[in-house]
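Engineer: This is the content of structure.tsv (TSV, C-alpha atoms):
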chain	number	residue	atom	x	y	z
A	96	MET	CA	15.21	2.96	22.22
A	97	THR	CA	12.38	4.15	20.05
A	98	ARG	CA	13.75	3.24	16.62
A	99	PRO	CA	15.66	0.02	16.96
A	100	VAL	CA	15.80	-1.10	13.37
A	101	VAL	CA	15.11	1.58	10.77
A	102	PRO	CA	18.31	3.39	9.71
A	103	ASP	CA	18.35	7.20	9.67
A	104	SER	CA	19.39	7.03	6.01
A	105	HIS	CA	16.02	5.53	5.03
A	106	GLU	CA	13.65	6.97	7.60
A	107	ASP	CA	12.41	9.50	5.02
A	108	LEU	CA	10.65	6.61	3.24
A	109	LEU	CA	8.42	6.37	6.32
A	110	THR	CA	8.05	10.06	7.15
A	111	ARG	CA	7.07	11.07	3.59
A	112	PRO	CA	3.47	10.12	2.73
A	113	LEU	CA	4.47	7.21	0.50
A	114	PHE	CA	2.28	4.19	-0.02
A	115	CYS	CA	3.82	1.07	1.39
A	116	HIS	CA	3.05	-2.54	0.49
A	117	LEU	CA	1.97	-4.62	3.47
A	118	GLY	CA	2.49	-8.37	3.43
A	119	THR	CA	0.58	-10.77	5.66
A	120	VAL	CA	0.09	-14.56	5.62
A	121	ARG	CA	-3.24	-16.02	4.55
A	122	HIS	CA	-5.16	-18.89	6.18
A	123	ASP	CA	-3.52	-21.38	3.80
A	124	GLY	CA	-0.01	-20.04	4.43
A	125	ALA	CA	0.26	-18.11	1.14
A	126	PRO	CA	1.43	-14.49	1.15
A	127	GLN	CA	-0.90	-11.52	0.57
A	128	VAL	CA	0.36	-8.02	-0.25
A	129	ASN	CA	-1.45	-4.75	-0.81
A	130	PRO	CA	-0.79	-1.01	-0.83
A	131	MET	CA	-1.50	0.84	2.42
A	132	TRP	CA	-1.23	4.19	4.08
A	133	VAL	CA	1.25	4.13	6.96
A	134	LEU	CA	2.15	6.36	9.90
A	135	TRP	CA	5.59	6.15	11.50
A	136	GLU	CA	5.39	7.36	15.09
A	137	ASP	CA	7.29	6.58	18.29
A	138	GLY	CA	9.19	3.80	16.53
A	139	ASP	CA	6.04	1.93	15.48
A	140	LEU	CA	4.21	1.64	12.16
A	141	SER	CA	0.45	2.20	12.22
A	142	PHE	CA	-2.16	1.27	9.63
A	143	THR	CA	-5.89	1.75	9.34
A	144	THR	CA	-7.98	-1.26	8.40
A	145	SER	CA	-11.32	-2.81	9.23
A	146	THR	CA	-12.07	-5.96	11.20
A	147	THR	CA	-14.02	-7.22	8.16
A	148	ARG	CA	-10.92	-7.39	5.93
A	149	VAL	CA	-8.99	-10.53	5.02
A	150	LYS	CA	-5.81	-8.79	6.15
A	151	TYR	CA	-7.27	-8.36	9.64
A	152	HIS	CA	-8.24	-12.03	9.83
A	153	ASN	CA	-4.77	-12.99	8.61
A	154	LEU	CA	-3.26	-10.99	11.46
A	155	GLN	CA	-5.56	-12.57	14.04
A	156	ARG	CA	-3.98	-15.93	13.13
A	157	ASP	CA	-0.40	-14.75	12.55
A	158	ASN	CA	0.62	-11.27	13.67
A	159	ARG	CA	3.77	-11.06	11.55
A	160	VAL	CA	3.98	-8.52	8.73
A	161	SER	CA	6.44	-7.24	6.17
A	162	VAL	CA	6.28	-3.66	4.92
A	163	SER	CA	8.04	-2.71	1.67
A	164	LEU	CA	8.60	0.78	0.30
A	165	ASN	CA	10.72	2.30	-2.40
A	166	ASP	CA	11.52	5.89	-3.28
A	167	PRO	CA	9.48	7.09	-6.29
A	168	GLU	CA	12.33	9.45	-7.24
A	169	GLN	CA	15.08	6.85	-6.76
A	170	PRO	CA	13.32	3.50	-7.07
A	171	TYR	CA	16.41	1.48	-6.18
A	172	ARG	CA	16.35	3.01	-2.69
A	173	PHE	CA	14.17	0.64	-0.74
A	174	LEU	CA	13.26	-0.33	2.78
A	175	GLU	CA	11.66	-3.48	4.12
A	176	VAL	CA	10.53	-3.56	7.75
A	177	ARG	CA	9.38	-6.79	9.34
A	178	GLY	CA	7.59	-6.88	12.66
A	179	ARG	CA	4.50	-7.90	14.58
A	180	VAL	CA	1.17	-6.43	15.52
A	181	HIS	CA	1.78	-4.95	18.94
A	182	ARG	CA	-1.60	-3.30	19.60
A	183	ILE	CA	-5.00	-3.05	17.92
A	184	VAL	CA	-6.89	0.12	18.80
A	185	PRO	CA	-10.59	0.42	17.87
A	186	ASP	CA	-11.28	3.51	15.74
A	187	PRO	CA	-15.10	3.52	15.43
A	188	ASP	CA	-15.25	7.31	15.05
A	189	GLY	CA	-12.58	7.32	12.35
A	190	VAL	CA	-10.26	9.64	14.25
A	191	PHE	CA	-7.16	7.73	13.21
A	192	PHE	CA	-8.55	7.14	9.72
A	193	ARG	CA	-8.98	10.92	9.27
A	194	ARG	CA	-5.48	11.53	10.51
A	195	LEU	CA	-4.03	9.20	7.87
A	196	ALA	CA	-6.33	10.59	5.16
A	197	THR	CA	-5.02	14.08	5.93
A	198	ARG	CA	-1.43	12.86	5.87
A	199	TYR	CA	-2.02	11.42	2.38
A	200	GLY	CA	-3.94	14.44	1.08
A	201	ARG	CA	-7.17	12.52	0.64
A	202	GLU	CA	-10.15	14.89	0.68
A	203	LEU	CA	-12.94	13.37	2.76
A	204	HIS	CA	-15.39	16.30	2.44
A	205	GLY	CA	-16.68	15.54	5.91
A	206	THR	CA	-17.54	11.93	5.09
A	207	LEU	CA	-16.18	8.82	6.74
A	208	PRO	CA	-15.76	5.41	5.13
A	209	PRO	CA	-18.87	3.21	5.17
A	210	ASP	CA	-17.00	0.66	7.31
A	211	VAL	CA	-16.00	3.19	9.98
A	212	ALA	CA	-17.77	1.28	12.77
A	213	THR	CA	-15.32	-1.61	12.30
A	214	ARG	CA	-12.19	0.50	11.71
A	215	VAL	CA	-9.11	-0.23	13.80
A	216	ARG	CA	-5.59	1.12	14.09
A	217	LEU	CA	-3.01	-1.63	13.76
A	218	VAL	CA	0.23	-0.79	15.55
A	219	ILE	CA	3.23	-2.77	14.33
A	220	ARG	CA	6.45	-2.96	16.27
A	221	PRO	CA	9.43	-3.31	13.90
A	222	GLU	CA	11.86	-6.16	14.57
A	223	VAL	CA	14.10	-6.29	11.50
A	224	ALA	CA	14.81	-3.97	8.57
A	225	ARG	CA	16.59	-4.41	5.26
A	226	TRP	CA	17.46	-1.55	2.94
A	227	GLN	CA	19.45	-0.56	-0.07
B	264	MET	CA	-6.52	-18.62	-22.21
B	265	THR	CA	-3.41	-16.56	-21.73
B	266	ARG	CA	-4.69	-14.06	-19.16
B	267	PRO	CA	-7.03	-15.86	-16.85
B	268	VAL	CA	-7.11	-13.51	-13.91
B	269	VAL	CA	-5.83	-9.99	-14.61
B	270	PRO	CA	-8.63	-7.66	-15.75
B	271	ASP	CA	-8.11	-5.54	-18.88
B	272	SER	CA	-8.87	-2.47	-16.78
B	273	HIS	CA	-5.69	-2.97	-14.73
B	274	GLU	CA	-3.34	-4.65	-17.17
B	275	ASP	CA	-1.54	-1.32	-17.72
B	276	LEU	CA	-0.09	-1.68	-14.20
B	277	LEU	CA	1.82	-4.69	-15.55
B	278	THR	CA	2.67	-3.41	-19.02
B	279	ARG	CA	4.05	-0.06	-17.79
B	280	PRO	CA	7.54	-0.38	-16.25
B	281	LEU	CA	6.29	0.01	-12.67
B	282	PHE	CA	8.06	-1.54	-9.73
B	283	CYS	CA	5.96	-4.19	-8.05
B	284	HIS	CA	6.28	-5.52	-4.52
B	285	LEU	CA	6.79	-9.28	-4.38
B	286	GLY	CA	5.74	-11.21	-1.30
B	287	THR	CA	7.10	-14.64	-0.42
B	288	VAL	CA	7.03	-16.73	2.77
B	289	ARG	CA	10.18	-17.14	4.84
B	290	HIS	CA	11.52	-20.32	6.46
B	291	ASP	CA	9.73	-19.48	9.70
B	292	GLY	CA	6.42	-18.75	7.97
B	293	ALA	CA	6.69	-14.96	8.19
B	294	PRO	CA	6.07	-12.82	5.11
B	295	GLN	CA	8.84	-11.06	3.17
B	296	VAL	CA	8.19	-8.30	0.64
B	297	ASN	CA	10.49	-6.31	-1.61
B	298	PRO	CA	10.39	-4.17	-4.75
B	299	MET	CA	11.10	-5.94	-8.03
B	300	TRP	CA	11.21	-5.44	-11.75
B	301	VAL	CA	8.52	-7.49	-13.50
B	302	LEU	CA	7.72	-8.56	-17.05
B	303	TRP	CA	4.16	-9.50	-18.04
B	304	GLU	CA	4.28	-11.83	-21.03
B	305	ASP	CA	2.01	-14.62	-22.33
B	306	GLY	CA	-0.12	-14.42	-19.21
B	307	ASP	CA	2.80	-15.01	-16.83
B	308	LEU	CA	4.82	-12.71	-14.58
B	309	SER	CA	8.60	-12.99	-14.79
B	310	PHE	CA	11.24	-11.75	-12.37
B	311	THR	CA	15.02	-11.79	-12.32
B	312	THR	CA	16.72	-12.95	-9.14
B	313	SER	CA	19.71	-14.97	-8.05
B	314	THR	CA	19.84	-18.43	-6.50
B	315	THR	CA	21.80	-16.89	-3.61
B	316	ARG	CA	18.91	-14.70	-2.47
B	317	VAL	CA	16.62	-15.38	0.50
B	318	LYS	CA	13.65	-14.90	-1.84
B	319	TYR	CA	14.87	-17.76	-4.02
B	320	HIS	CA	15.28	-20.06	-1.03
B	321	ASN	CA	11.81	-19.07	0.18
B	322	LEU	CA	10.39	-20.11	-3.18
B	323	GLN	CA	12.23	-23.43	-3.13
B	324	ARG	CA	10.26	-24.30	0.02
B	325	ASP	CA	6.94	-22.63	-0.91
B	326	ASN	CA	6.36	-21.52	-4.48
B	327	ARG	CA	3.45	-19.19	-3.72
B	328	VAL	CA	3.84	-15.45	-4.27
B	329	SER	CA	1.79	-12.28	-4.07
B	330	VAL	CA	2.58	-9.31	-6.31
B	331	SER	CA	1.23	-5.86	-5.41
B	332	LEU	CA	1.31	-2.74	-7.58
B	333	ASN	CA	-0.37	0.63	-7.50
B	334	ASP	CA	-0.55	3.42	-10.03
B	335	PRO	CA	1.85	6.27	-9.17
B	336	GLU	CA	-0.53	8.75	-10.83
B	337	GLN	CA	-3.66	7.34	-9.14
B	338	PRO	CA	-2.39	5.52	-6.08
B	339	TYR	CA	-5.80	4.12	-5.13
B	340	ARG	CA	-5.80	2.07	-8.35
B	341	PHE	CA	-4.13	-1.14	-7.33
B	342	LEU	CA	-3.66	-4.71	-8.42
B	343	GLU	CA	-2.63	-7.77	-6.43
B	344	VAL	CA	-1.83	-10.98	-8.31
B	345	ARG	CA	-1.29	-14.22	-6.45
B	346	GLY	CA	0.20	-17.27	-8.10
B	347	ARG	CA	2.94	-19.85	-8.08
B	348	VAL	CA	6.38	-20.32	-9.56
B	349	HIS	CA	5.74	-22.24	-12.74
B	350	ARG	CA	9.26	-22.38	-14.20
B	351	ILE	CA	12.77	-21.36	-13.22
B	352	VAL	CA	15.04	-20.62	-16.17
B	353	PRO	CA	18.80	-20.24	-15.61
B	354	ASP	CA	20.10	-16.90	-16.92
B	355	PRO	CA	23.89	-17.19	-16.46
B	356	ASP	CA	24.62	-14.83	-19.37
B	357	GLY	CA	22.21	-12.20	-18.08
B	358	VAL	CA	20.10	-12.16	-21.24
B	359	PHE	CA	16.84	-11.89	-19.33
B	360	PHE	CA	18.40	-9.55	-16.78
B	361	ARG	CA	19.42	-7.17	-19.61
B	362	ARG	CA	15.95	-7.35	-21.07
B	363	LEU	CA	14.40	-6.23	-17.79
B	364	ALA	CA	17.08	-3.58	-17.24
B	365	THR	CA	16.24	-2.11	-20.66
B	366	ARG	CA	12.53	-2.21	-19.88
B	367	TYR	CA	13.17	-0.21	-16.70
B	368	GLY	CA	15.61	2.24	-18.31
B	369	ARG	CA	18.55	1.09	-16.24
B	370	GLU	CA	21.82	1.90	-17.98
B	371	LEU	CA	24.20	-1.04	-17.67
B	372	HIS	CA	27.04	0.45	-19.74
B	373	GLY	CA	27.94	-3.01	-20.94
B	374	THR	CA	28.33	-4.42	-17.44
B	375	LEU	CA	26.42	-7.28	-15.89
B	376	PRO	CA	25.62	-7.75	-12.21
B	377	PRO	CA	28.37	-9.45	-10.16
B	378	ASP	CA	25.98	-12.33	-9.42
B	379	VAL	CA	25.15	-13.00	-13.06
B	380	ALA	CA	26.39	-16.61	-12.91
B	381	THR	CA	23.59	-17.44	-10.46
B	382	ARG	CA	20.87	-15.35	-12.12
B	383	VAL	CA	17.56	-17.02	-12.92
B	384	ARG	CA	14.27	-16.00	-14.47
B	385	LEU	CA	11.34	-16.86	-12.22
B	386	VAL	CA	8.14	-17.41	-14.17
B	387	ILE	CA	4.97	-17.04	-12.07
B	388	ARG	CA	1.62	-18.28	-13.27
B	389	PRO	CA	-1.19	-16.09	-11.89
B	390	GLU	CA	-4.05	-17.83	-10.08
B	391	VAL	CA	-6.05	-15.03	-8.44
B	392	ALA	CA	-6.18	-11.26	-8.76
B	393	ARG	CA	-7.73	-8.49	-6.70
B	394	TRP	CA	-7.98	-4.90	-7.84
B	395	GLN	CA	-9.56	-1.57	-7.13
Would you encode the structure as structure tokens?

Structural biologist:
Amino acid sequence: MTRPVVPDSHEDLLTRPLFCHLGTVRHDGAPQVNPMWVLWEDGDLSFTTSTTRVKYHNLQRDNRVSVSLNDPEQPYRFLEVRGRVHRIVPDPDGVFFRRLATRYGRELHGTLPPDVATRVRLVIRPEVARWQ
Amino acid sequence: MTRPVVPDSHEDLLTRPLFCHLGTVRHDGAPQVNPMWVLWEDGDLSFTTSTTRVKYHNLQRDNRVSVSLNDPEQPYRFLEVRGRVHRIVPDPDGVFFRRLATRYGRELHGTLPPDVATRVRLVIRPEVARWQ
């Protein structure tokens, strides 16, 4: 069972290179949300971040996330996926970062981000989805 | 001081009728995020919801929110505003709902949502912003 929760009707919101909005919980219990690249593969959602980011520290304390997307052409079509960090894969050479950059049409011109040494791939396993 | 935290450079993300993604905290402490209409007025962010929604119950327990937006034309321009519910104004006649629907170009054809009797306007006072 590789896709337990995301309905076929809304999977395009994850396969198209749309920005999603990733929610985590801060040290004081307040929510934090920001736009992110996402890759949907083998039933998991993957993100690139750095171990220096607040979001990463949030997830070290509480590995639960919520991911929200809507369709730019039909904004009332939306998908929320909630789940947990399942794996964190170091990406010090930016291999996964480059893969996401290519998916989102970001020209890197051979450069990598200045924080590449601390880059990681966050792999989220979906648990619940809501959609409309 | 009507706009303490949102920089002039990114205020257009709130004045244009862009969907934002609103994060709240669920009963079990996990984050929840979903797309919402928003109105930026007098330094506050207002949303329409219903007292029957999970989001409303989340905010009854913990009034902290995070609001994330990015620019559809320049998706790396983003704004996150964090704040708290400052006021909840009943909207049983859908006056505020209609105002937001008009702002977002949603044709109502004289109808109101079936849950109009439980509609409320949530007024959020910003406390912190992040942008890029």

Engineer: Which residues are close to Ala392 (chain B), i.e. within 12 Å by only C-alpha atoms, leaving aside same-chain residues fewer than 5 positions away? Reply as a ChimeraX atom specification.

Structural biologist: /A:127-129 /B:266-271,273-274,328-332,341-346

Engineer: Take the residues that were just selected and, keeping C-alpha atoms, output them as a PDB file, keeping the file's coordinate frame.

Structural biologist:
ATOM      1  CA  GLN A 127      -0.900 -11.520   0.570  1.00  0.00           C
ATOM      2  CA  VAL A 128       0.360  -8.020  -0.250  1.00  0.00           C
ATOM      3  CA  ASN A 129      -1.450  -4.750  -0.810  1.00  0.00           C
TER       4      ASN A 129
ATOM      5  CA  ARG B 266      -4.690 -14.060 -19.160  1.00  0.00           C
ATOM      6  CA  PRO B 267      -7.030 -15.860 -16.850  1.00  0.00           C
ATOM      7  CA  VAL B 268      -7.110 -13.510 -13.910  1.00  0.00           C
ATOM      8  CA  VAL B 269      -5.830  -9.990 -14.610  1.00  0.00           C
ATOM      9  CA  PRO B 270      -8.630  -7.660 -15.750  1.00  0.00           C
ATOM     10  CA  ASP B 271      -8.110  -5.540 -18.880  1.00  0.00           C
ATOM     11  CA  HIS B 273      -5.690  -2.970 -14.730  1.00  0.00           C
ATOM     12  CA  GLU B 274      -3.340  -4.650 -17.170  1.00  0.00           C
ATOM     13  CA  VAL B 328       3.840 -15.450  -4.270  1.00  0.00           C
ATOM     14  CA  SER B 329       1.790 -12.280  -4.070  1.00  0.00           C
ATOM     15  CA  VAL B 330       2.580  -9.310  -6.310  1.00  0.00           C
ATOM     16  CA  SER B 331       1.230  -5.860  -5.410  1.00  0.00           C
ATOM     17  CA  LEU B 332       1.310  -2.740  -7.580  1.00  0.00           C
ATOM     18  CA  PHE B 341      -4.130  -1.140  -7.330  1.00  0.00           C
ATOM     19  CA  LEU B 342      -3.660  -4.710  -8.420  1.00  0.00           C
ATOM     20  CA  GLU B 343      -2.630  -7.770  -6.430  1.00  0.00           C
ATOM     21  CA  VAL B 344      -1.830 -10.980  -8.310  1.00  0.00           C
ATOM     22  CA  ARG B 345      -1.290 -14.220  -6.450  1.00  0.00           C
ATOM     23  CA  GLY B 346       0.200 -17.270  -8.100  1.00  0.00           C
TER      24      GLY B 346
END

Engineer: Just need the residues of chain B within 12 Å of chain A, counting all atoms listed in the file, so spit them out as a ChimeraX atom specification.

Structural biologist: /B:280-300,317,321-322,324-347,367-369,391-395

Engineer: Tell me which protein, DNA and RNA residues are within 10 Å of Thr110 (chain A), counting only C-alpha atoms, leaving out same-chain ones fewer than 6 positions away, and put them as a PyMOL selection string.

Structural biologist: chain A and resi 133-136+198

Engineer: State, in Å with one decimal place, the distance from CA of Val215 (chain A) to CA of Asp137 (chain A).

Structural biologist: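 Between CA of Val215 (chain A) and CA of Asp137 (chain A) the gap is 18.3 Å.
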
Engineer: Name the closest residue to Ser145 (chain A) among the candidates A:His181, A:Arg214, A:Arg194, A:Arg111; distances are taken between atoms, counting all atoms listed in the file.

Structural biologist: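 Checking each candidate against Ser145 (chain A), we get A:Arg214 as the closest.
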
Engineer: Do a neighbour search on Pro377 (chain B) at 12 Å with only C-alpha atoms, toss out local chain neighbours closer than 6 positions, and write the hits as a list in words.

Structural biologist: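 The residues satisfying every condition are Ser313, Thr315, Pro355, Asp356, Gly357 and Phe360 of chain B.
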